[in-house]
Amino acid sequence: MEFYLAPMEGITGYVYRNQLQKDFEGVTKYMTPFLAPVPKKVLKTKERRDIDVDNNAGIPLVPQVLTKSVEGMLQVMHLLADMGYQEVNLNLGCPASTVVTKGKGSGFLKNPGDLDRFFEGVFDGMPEGMALSVKTRLGMWEPSEFKNILAIYNRYPIMELTVHPRVREEFYGNEVHLDQFAYALSESRCPVVYNGDITSVEDYERLMERFPQIEKVMIGRGLIQNPALVREIRGGMPLSEEELHHFLKELYESYSRELGNHKDAMFRLKEVWGYVGKNYPDRSREIRNLIKAKNEADYEQMVRAFFS
C-alpha cells in the first residue's frame with residue numbers, strides 16, 4: 001500500500017514535510033499546496049521556495065497546480081521539468097469559494113467542455129517525459145455528474161486519478177459517495193487513488209474491507225491530526241504524547257528558523273494544533289486557550305503545561 005500526504009494550504013509546506021519525513025515513516029508521496037501560475041512571473045517567490053529541490057531533499061514530492069489556463073499550466077510544467085520534476089498534479093478538487101468563483105479547482109468541473117479542451121491543449125504541449133496526474137471531486141452539485149467527468153479523463157493519458165468522492169457543494173460534510181468511487185475503480189483507464197475521511201486505523205480498515213483492490217490512499221486532515229497514522233495503519237505503535245510533543249517542538253523551531261522569529265512560527269503551529277487538538281476531546285478548553293495565545297511566551301508556556 002502507498003500512502004500520500006494530501007496538500008493543505010498553510011500547513012503542508014516544505015518545513016512541515018521535512019519534519020514529518022524525519023520523525024515518522026510511511027508517506028510515499030507528498031503533494032505541495034497548490035501552485036497558482038500568474039502572468040510573466042509564472043510562480044510567486046513563496047511558491048518557488050516551496051518547490052525548491054534543496055528544500056525538499058529526500059522527499060518524494062509532486063507539485064500540484066491550480067489553474068484553468070492551458071498557457072499557465074504549460075509554463076509551470078516546463079519550469080518544473082527544468083527543475084527535475086517528472087510529475088505534476090492538477091487540482092480539480094478545491095472547494096473554496098475564492099477558487100470556485102474563478103472557475104478553478106472543483107469549479108472547473110461545472111464546465112466539462114472547457115475541461116476537455118484544457119486537457120487537449122495541455123497534452124499537446126506538455127514537456128517530454130512529464131506525467132500529469134489529477135485530483136478531483138465528483139462534480140459541482142450532484143454525484144451523477146461524475147460519469148461524464150470521468151469520460152473526459154478517460155480520453156487522455158492521465159497518469160493517476162485521485163478521487164475525493166464528494167461534490168463541491170458538500171465541501172467536507174455529508175458521507176462520501178462510495179458508490180461513485182466504486183464506479184471510478186471499475187471504469188477509470190488510469191490507476192485510482194482514494195482520498196477522504198481517513199482519520200483512524202478503523203476508517204482505513206473499513207475502506208479496505210469494501211475495496212480490497214485499492215493500492216494507493218491519500219490522507220490529509222487525518223495525518224495532520226495524527227502524524228503517526230500511517231505507522232499505526234501498518235501495524236506499528238500508536239502515537240505517544242512524548243513523540244507528539246517532540247514533533248511539535250521541533251516543528252516550532254524549524255518554522256522559527258525559516259521565518260526568522262518565534263511569533264510567526266507560533267501562528268503556523270496554531271493551524272496544526274487545530275487538528276492535533278482533536279486527539280484530546282476532554283481537553284478542548286486547554287486547546288482553545290493555546291490557540292488563542294497572543295504571544296510566543298504564552299504559547300510556549302501553554303504547550304509545556306499541556307504535555308507536563
# chains A, B, ... in the order shown; residues from 1 in each chain; ligands from 1

$ select_by_dssp --residues "region 85-148 of chain A" --states "alpha helix (DSSP H)" --output "mmCIF file with N, CA and C atoms, in the first residue's frame"
data_model
loop_
_atom_site.group_PDB
_atom_site.id
_atom_site.type_symbol
_atom_site.label_atom_id
_atom_site.label_comp_id
_atom_site.auth_asym_id
_atom_site.auth_seq_id
_atom_site.Cartn_x
_atom_site.Cartn_y
_atom_site.Cartn_z
ATOM 1 N N SER A 97 -14.549 28.970 -1.957
ATOM 2 C CA SER A 97 -15.326 29.905 -2.785
ATOM 3 C C SER A 97 -14.434 30.826 -3.604
ATOM 4 N N THR A 98 -13.320 31.271 -3.019
ATOM 5 C CA THR A 98 -12.414 32.165 -3.736
ATOM 6 C C THR A 98 -11.808 31.497 -4.959
ATOM 7 N N VAL A 99 -11.730 30.179 -4.927
ATOM 8 C CA VAL A 99 -11.200 29.401 -6.053
ATOM 9 C C VAL A 99 -12.302 29.084 -7.056
ATOM 10 N N VAL A 100 -13.426 28.604 -6.547
ATOM 11 C CA VAL A 100 -14.522 28.142 -7.401
ATOM 12 C C VAL A 100 -15.130 29.272 -8.223
ATOM 13 N N PRO A 112 -17.647 21.047 -18.354
ATOM 14 C CA PRO A 112 -16.964 19.876 -18.933
ATOM 15 C C PRO A 112 -16.334 20.154 -20.298
ATOM 16 N N GLY A 113 -16.997 20.954 -21.122
ATOM 17 C CA GLY A 113 -16.433 21.252 -22.436
ATOM 18 C C GLY A 113 -15.114 21.993 -22.331
ATOM 19 N N ASP A 114 -15.054 22.979 -21.446
ATOM 20 C CA ASP A 114 -13.809 23.720 -21.224
ATOM 21 C C ASP A 114 -12.727 22.807 -20.650
ATOM 22 N N LEU A 115 -13.118 21.912 -19.760
ATOM 23 C CA LEU A 115 -12.165 20.982 -19.160
ATOM 24 C C LEU A 115 -11.576 20.062 -20.229
ATOM 25 N N ASP A 116 -12.407 19.580 -21.123
ATOM 26 C CA ASP A 116 -11.951 18.718 -22.210
ATOM 27 C C ASP A 116 -10.933 19.455 -23.082
ATOM 28 N N ARG A 117 -11.243 20.687 -23.456
ATOM 29 C CA ARG A 117 -10.326 21.470 -24.289
ATOM 30 C C ARG A 117 -9.028 21.787 -23.538
ATOM 31 N N PHE A 118 -9.135 21.976 -22.236
ATOM 32 C CA PHE A 118 -7.938 22.222 -21.421
ATOM 33 C C PHE A 118 -6.986 21.030 -21.513
ATOM 34 N N PHE A 119 -7.503 19.836 -21.289
ATOM 35 C CA PHE A 119 -6.641 18.650 -21.356
ATOM 36 C C PHE A 119 -6.047 18.471 -22.751
ATOM 37 N N GLU A 120 -6.840 18.734 -23.775
ATOM 38 C CA GLU A 120 -6.330 18.601 -25.143
ATOM 39 C C GLU A 120 -5.138 19.518 -25.356
ATOM 40 N N GLY A 121 -5.255 20.764 -24.912
ATOM 41 C CA GLY A 121 -4.164 21.713 -25.064
ATOM 42 C C GLY A 121 -2.943 21.354 -24.247
ATOM 43 N N VAL A 122 -3.174 20.898 -23.023
ATOM 44 C CA VAL A 122 -2.048 20.549 -22.139
ATOM 45 C C VAL A 122 -1.291 19.341 -22.680
ATOM 46 N N PHE A 123 -2.004 18.305 -23.066
ATOM 47 C CA PHE A 123 -1.317 17.108 -23.547
ATOM 48 C C PHE A 123 -0.648 17.325 -24.903
ATOM 49 N N ASP A 124 -1.096 18.329 -25.659
ATOM 50 C CA ASP A 124 -0.438 18.654 -26.924
ATOM 51 C C ASP A 124 0.884 19.380 -26.708
ATOM 52 N N GLY A 125 1.015 20.088 -25.560
ATOM 53 C CA GLY A 125 2.193 20.930 -25.392
ATOM 54 C C GLY A 125 3.063 20.643 -24.196
ATOM 55 N N PHE A 146 -20.371 12.773 -12.168
ATOM 56 C CA PHE A 146 -19.051 12.144 -12.273
ATOM 57 C C PHE A 146 -18.917 11.251 -13.509
ATOM 58 N N LYS A 147 -20.010 10.655 -13.953
ATOM 59 C CA LYS A 147 -19.923 9.767 -15.116
ATOM 60 C C LYS A 147 -19.370 10.510 -16.324
ATOM 61 N N ASN A 148 -19.893 11.702 -16.589
ATOM 62 C CA ASN A 148 -19.411 12.479 -17.735
ATOM 63 C C ASN A 148 -18.004 13.015 -17.503
#

$ residues_around --residues "Ser200 (chain A)" --least-positions-apart "2" --cutoff "9 Å" --atoms "only C-alpha atoms" --output "PyMOL selection string"
chain A and resi 197-198+202-205+222+226+229+232-233

$ write_last_selection --atoms "C-alpha atoms" --output "CSV table (one decimal), in the first residue's frame"
chain,number,residue,atom,x,y,z
A,197,ASP,CA,-12.3,10.9,5.7
A,198,ILE,CA,-9.5,8.6,6.8
A,202,GLU,CA,-10.7,1.9,11.8
A,203,ASP,CA,-11.6,4.2,8.9
A,204,TYR,CA,-8.8,2.7,6.8
A,205,GLU,CA,-9.9,-0.9,7.6
A,222,GLY,CA,-6.1,12.6,9.4
A,226,ASN,CA,-2.1,12.1,14.0
A,229,LEU,CA,-1.3,7.4,11.4
A,232,GLU,CA,-0.4,2.7,13.0
A,233,ILE,CA,-2.2,1.5,9.8

$ residues_around --residues "Val88 (chain A)" --least-positions-apart "5" --cutoff "9 Å" --atoms "only C-alpha atoms" --output "list in words"
Val62, Pro63, Gln64, Val65, Met77, Leu80, Met130, Ala131, Leu132, Ser133 and Val134 of chain A

$ write_last_selection --atoms "N, CA and C atoms" --output "short mmCIF file (atom, residue, chain, number, x, y, z; two decimals), in the first residue's frame"
data_model
loop_
_atom_site.label_atom_id
_atom_site.label_comp_id
_atom_site.auth_asym_id
_atom_site.auth_seq_id
_atom_site.Cartn_x
_atom_site.Cartn_y
_atom_site.Cartn_z
N VAL A 62 5.48 15.86 -5.34
CA VAL A 62 4.77 16.16 -6.58
C VAL A 62 4.13 17.54 -6.45
N PRO A 63 4.52 18.50 -7.28
CA PRO A 63 3.88 19.82 -7.24
C PRO A 63 2.45 19.74 -7.76
N GLN A 64 1.54 20.41 -7.07
CA GLN A 64 0.15 20.48 -7.51
C GLN A 64 -0.14 21.87 -8.04
N VAL A 65 -0.86 21.94 -9.15
CA VAL A 65 -1.13 23.22 -9.81
C VAL A 65 -2.63 23.47 -9.85
N MET A 77 4.58 23.59 -16.06
CA MET A 77 5.10 22.25 -16.33
C MET A 77 6.52 22.31 -16.90
N LEU A 80 8.87 23.26 -14.06
CA LEU A 80 9.09 22.12 -13.17
C LEU A 80 9.96 21.05 -13.83
N MET A 130 7.26 14.28 -18.94
CA MET A 130 6.46 14.77 -17.82
C MET A 130 5.12 14.04 -17.79
N ALA A 131 4.69 13.64 -16.59
CA ALA A 131 3.40 12.98 -16.42
C ALA A 131 2.43 13.92 -15.71
N LEU A 132 1.15 13.79 -16.05
CA LEU A 132 0.11 14.60 -15.42
C LEU A 132 -0.84 13.70 -14.66
N SER A 133 -0.99 13.96 -13.35
CA SER A 133 -1.99 13.28 -12.53
C SER A 133 -3.06 14.30 -12.15
N VAL A 134 -4.19 13.82 -11.67
CA VAL A 134 -5.33 14.68 -11.38
C VAL A 134 -5.92 14.32 -10.02
#

$ closest_atom_pairs --of "region 75-189 of chain A" --to "region 48-52 of chain A" --cutoff "12 Å" --atoms "only C-alpha atoms" --output "JSON lines"
{"residue": "A:Val76", "atom": "CA", "partner": "A:Arg48", "partner_atom": "CA", "distance": 10.6}
{"residue": "A:Leu79", "atom": "CA", "partner": "A:Arg48", "partner_atom": "CA", "distance": 10.1}
{"residue": "A:Leu80", "atom": "CA", "partner": "A:Ile51", "partner_atom": "CA", "distance": 8.7}
{"residue": "A:Ala81", "atom": "CA", "partner": "A:Ile51", "partner_atom": "CA", "distance": 11.9}
{"residue": "A:Asp82", "atom": "CA", "partner": "A:Asp52", "partner_atom": "CA", "distance": 11.6}
{"residue": "A:Met83", "atom": "CA", "partner": "A:Asp52", "partner_atom": "CA", "distance": 8.1}
{"residue": "A:Gly84", "atom": "CA", "partner": "A:Asp52", "partner_atom": "CA", "distance": 10.3}
{"residue": "A:Tyr85", "atom": "CA", "partner": "A:Ile51", "partner_atom": "CA", "distance": 9.6}
{"residue": "A:Val88", "atom": "CA", "partner": "A:Ile51", "partner_atom": "CA", "distance": 11.7}

$ closest_atom_pairs --of "region 141-248 of chain A" --to "region 11-14 of chain A" --cutoff "12 Å" --atoms "only C-alpha atoms" --output "JSON lines"
{"residue": "A:Ile219", "atom": "CA", "partner": "A:Thr12", "partner_atom": "CA", "distance": 11.9}
{"residue": "A:Gly220", "atom": "CA", "partner": "A:Thr12", "partner_atom": "CA", "distance": 9.1}
{"residue": "A:Arg221", "atom": "CA", "partner": "A:Ile11", "partner_atom": "CA", "distance": 10.3}
{"residue": "A:Leu223", "atom": "CA", "partner": "A:Thr12", "partner_atom": "CA", "distance": 10.5}
{"residue": "A:Ile224", "atom": "CA", "partner": "A:Ile11", "partner_atom": "CA", "distance": 8.5}
{"residue": "A:Gln225", "atom": "CA", "partner": "A:Ile11", "partner_atom": "CA", "distance": 11.6}
{"residue": "A:Pro227", "atom": "CA", "partner": "A:Thr12", "partner_atom": "CA", "distance": 11.9}

$ write_last_selection --atoms "C-alpha atoms" --output "compact mmCIF listing (two decimals), in the first residue's frame"
# COMPACT_ATOMS: atom_id res chain seq x y z
CA ILE A 219 -4.67 11.29 3.60
CA GLY A 220 -4.82 14.95 4.64
CA ARG A 221 -6.56 16.01 7.84
CA LEU A 223 -2.31 12.76 9.10
CA ILE A 224 -2.14 16.29 10.46
CA GLN A 225 -4.21 15.18 13.44
CA PRO A 227 1.32 12.18 12.25

$ residues_around --residues "region 184-192 of chain A" --least-positions-apart "3" --cutoff "12 Å" --atoms "only C-alpha atoms" --output "number ranges by chain"
A: 2, 132-138, 143, 146-165, 177-181, 195, 210-218

$ residues_around --residues "Tyr172 (chain A)" --least-positions-apart "3" --cutoff "9 Å" --atoms "only C-alpha atoms" --output "PyMOL selection string"
chain A and resi 95+166+168-169+175-176+196-197

$ closest_residue --among "A:Glu258, A:Glu250, A:Glu47, A:Asp264" --to "Leu20 (chain A)" --atoms "only C-alpha atoms"
A:Glu250

$ select_by_dssp --residues "region 38-203 of chain A" --states "strand (DSSP E)" --output "VMD selection string"
chain A and resid 61 to 62 64 to 65 87 to 92 131 to 136 161 to 163 192 to 195

$ residues_around --residues "region 252-254 of chain A" --least-positions-apart "6" --cutoff "12 Å" --atoms "only C-alpha atoms" --output "list in words"
Gly13, Tyr14, Val15, Tyr16, Arg17, Asn18, Gln19, Leu20, His245, His246, Gly260, Asn261, His262, Lys263, Asp264, Ala265, Met266, Phe267, Arg268, Leu269, Lys270, Glu271, Val272, Trp273, Glu296, Tyr299, Glu300 and Val303 of chain A

$ write_last_selection --atoms "N, CA and C atoms" --output "tab-separated table (two decimals), in the first residue's frame"
chain	number	residue	atom	x	y	z
A	13	GLY	N	3.57	22.80	3.81
A	13	GLY	CA	4.70	23.31	3.06
A	13	GLY	C	5.96	22.54	3.39
A	14	TYR	N	7.09	22.96	2.84
A	14	TYR	CA	8.30	22.15	2.94
A	14	TYR	C	8.84	22.02	4.37
A	15	VAL	N	8.59	23.01	5.22
A	15	VAL	CA	9.04	22.89	6.61
A	15	VAL	C	8.31	21.73	7.29
A	16	TYR	N	7.00	21.68	7.11
A	16	TYR	CA	6.21	20.60	7.70
A	16	TYR	C	6.59	19.26	7.07
A	17	ARG	N	6.73	19.22	5.76
A	17	ARG	CA	7.06	17.96	5.08
A	17	ARG	C	8.38	17.39	5.59
A	18	ASN	N	9.38	18.25	5.75
A	18	ASN	CA	10.68	17.78	6.22
A	18	ASN	C	10.60	17.20	7.62
A	19	GLN	N	9.84	17.85	8.50
A	19	GLN	CA	9.75	17.36	9.87
A	19	GLN	C	8.98	16.05	9.94
A	20	LEU	N	7.89	15.95	9.16
A	20	LEU	CA	7.13	14.69	9.14
A	20	LEU	C	7.97	13.56	8.58
A	245	HIS	N	4.87	15.66	21.35
A	245	HIS	CA	5.49	16.85	21.93
A	245	HIS	C	6.79	17.17	21.21
A	246	HIS	N	7.60	16.15	20.99
A	246	HIS	CA	8.87	16.34	20.29
A	246	HIS	C	8.65	16.85	18.87
A	260	GLY	N	12.35	33.41	10.74
A	260	GLY	CA	13.17	34.42	11.39
A	260	GLY	C	12.69	34.88	12.74
A	261	ASN	N	11.58	34.31	13.24
A	261	ASN	CA	11.10	34.69	14.57
A	261	ASN	C	10.11	33.65	15.08
A	262	HIS	N	9.91	33.66	16.40
A	262	HIS	CA	9.02	32.69	17.02
A	262	HIS	C	7.54	33.07	16.88
A	263	LYS	N	7.28	34.36	16.72
A	263	LYS	CA	5.88	34.79	16.67
A	263	LYS	C	5.18	34.23	15.43
A	264	ASP	N	5.82	34.37	14.26
A	264	ASP	CA	5.22	33.83	13.05
A	264	ASP	C	5.14	32.30	13.11
A	265	ALA	N	6.15	31.70	13.72
A	265	ALA	CA	6.13	30.23	13.88
A	265	ALA	C	4.95	29.80	14.75
A	266	MET	N	4.66	30.59	15.77
A	266	MET	CA	3.52	30.28	16.66
A	266	MET	C	2.22	30.22	15.86
A	267	PHE	N	2.04	31.18	14.95
A	267	PHE	CA	0.80	31.19	14.16
A	267	PHE	C	0.71	29.97	13.25
A	268	ARG	N	1.84	29.52	12.72
A	268	ARG	CA	1.84	28.30	11.90
A	268	ARG	C	1.45	27.09	12.75
A	269	LEU	N	1.97	27.04	13.97
A	269	LEU	CA	1.68	25.90	14.84
A	269	LEU	C	0.23	25.91	15.31
A	270	LYS	N	-0.36	27.09	15.44
A	270	LYS	CA	-1.77	27.14	15.84
A	270	LYS	C	-2.64	26.41	14.81
A	271	GLU	N	-2.29	26.53	13.53
A	271	GLU	CA	-3.02	25.81	12.49
A	271	GLU	C	-2.94	24.31	12.73
A	272	VAL	N	-1.75	23.83	13.07
A	272	VAL	CA	-1.55	22.40	13.31
A	272	VAL	C	-2.31	21.96	14.55
A	273	TRP	N	-2.28	22.79	15.59
A	273	TRP	CA	-2.99	22.45	16.84
A	273	TRP	C	-4.50	22.33	16.61
A	296	GLU	N	4.34	34.57	21.82
A	296	GLU	CA	5.07	33.30	21.81
A	296	GLU	C	5.42	32.80	23.21
A	299	TYR	N	2.37	31.07	24.45
A	299	TYR	CA	2.20	29.83	23.69
A	299	TYR	C	3.14	28.74	24.21
A	300	GLU	N	4.41	29.08	24.36
A	300	GLU	CA	5.39	28.09	24.80
A	300	GLU	C	5.06	27.57	26.19
A	303	VAL	N	2.11	25.13	25.96
A	303	VAL	CA	2.49	23.84	25.38
A	303	VAL	C	3.21	23.00	26.44

$ closest_residue --among "A:Leu207, A:Gly277, A:Pro37, A:Lys292" --to "Leu244 (chain A)" --atoms "only C-alpha atoms"
A:Gly277

$ closest_residue --among "A:Leu43, A:Thr28, A:Gly107, A:Leu35" --to "Leu90 (chain A)" --atoms "only C-alpha atoms"
A:Leu35

$ closest_residue --among "A:Phe247, A:Asn91, A:Val167, A:Leu74" --to "Thr32 (chain A)" --atoms "only C-alpha atoms"
A:Asn91

$ closest_residue --among "A:Met1, A:Val276, A:Leu259, A:Ile59" --to "Tyr30 (chain A)" --atoms "only C-alpha atoms"
A:Ile59
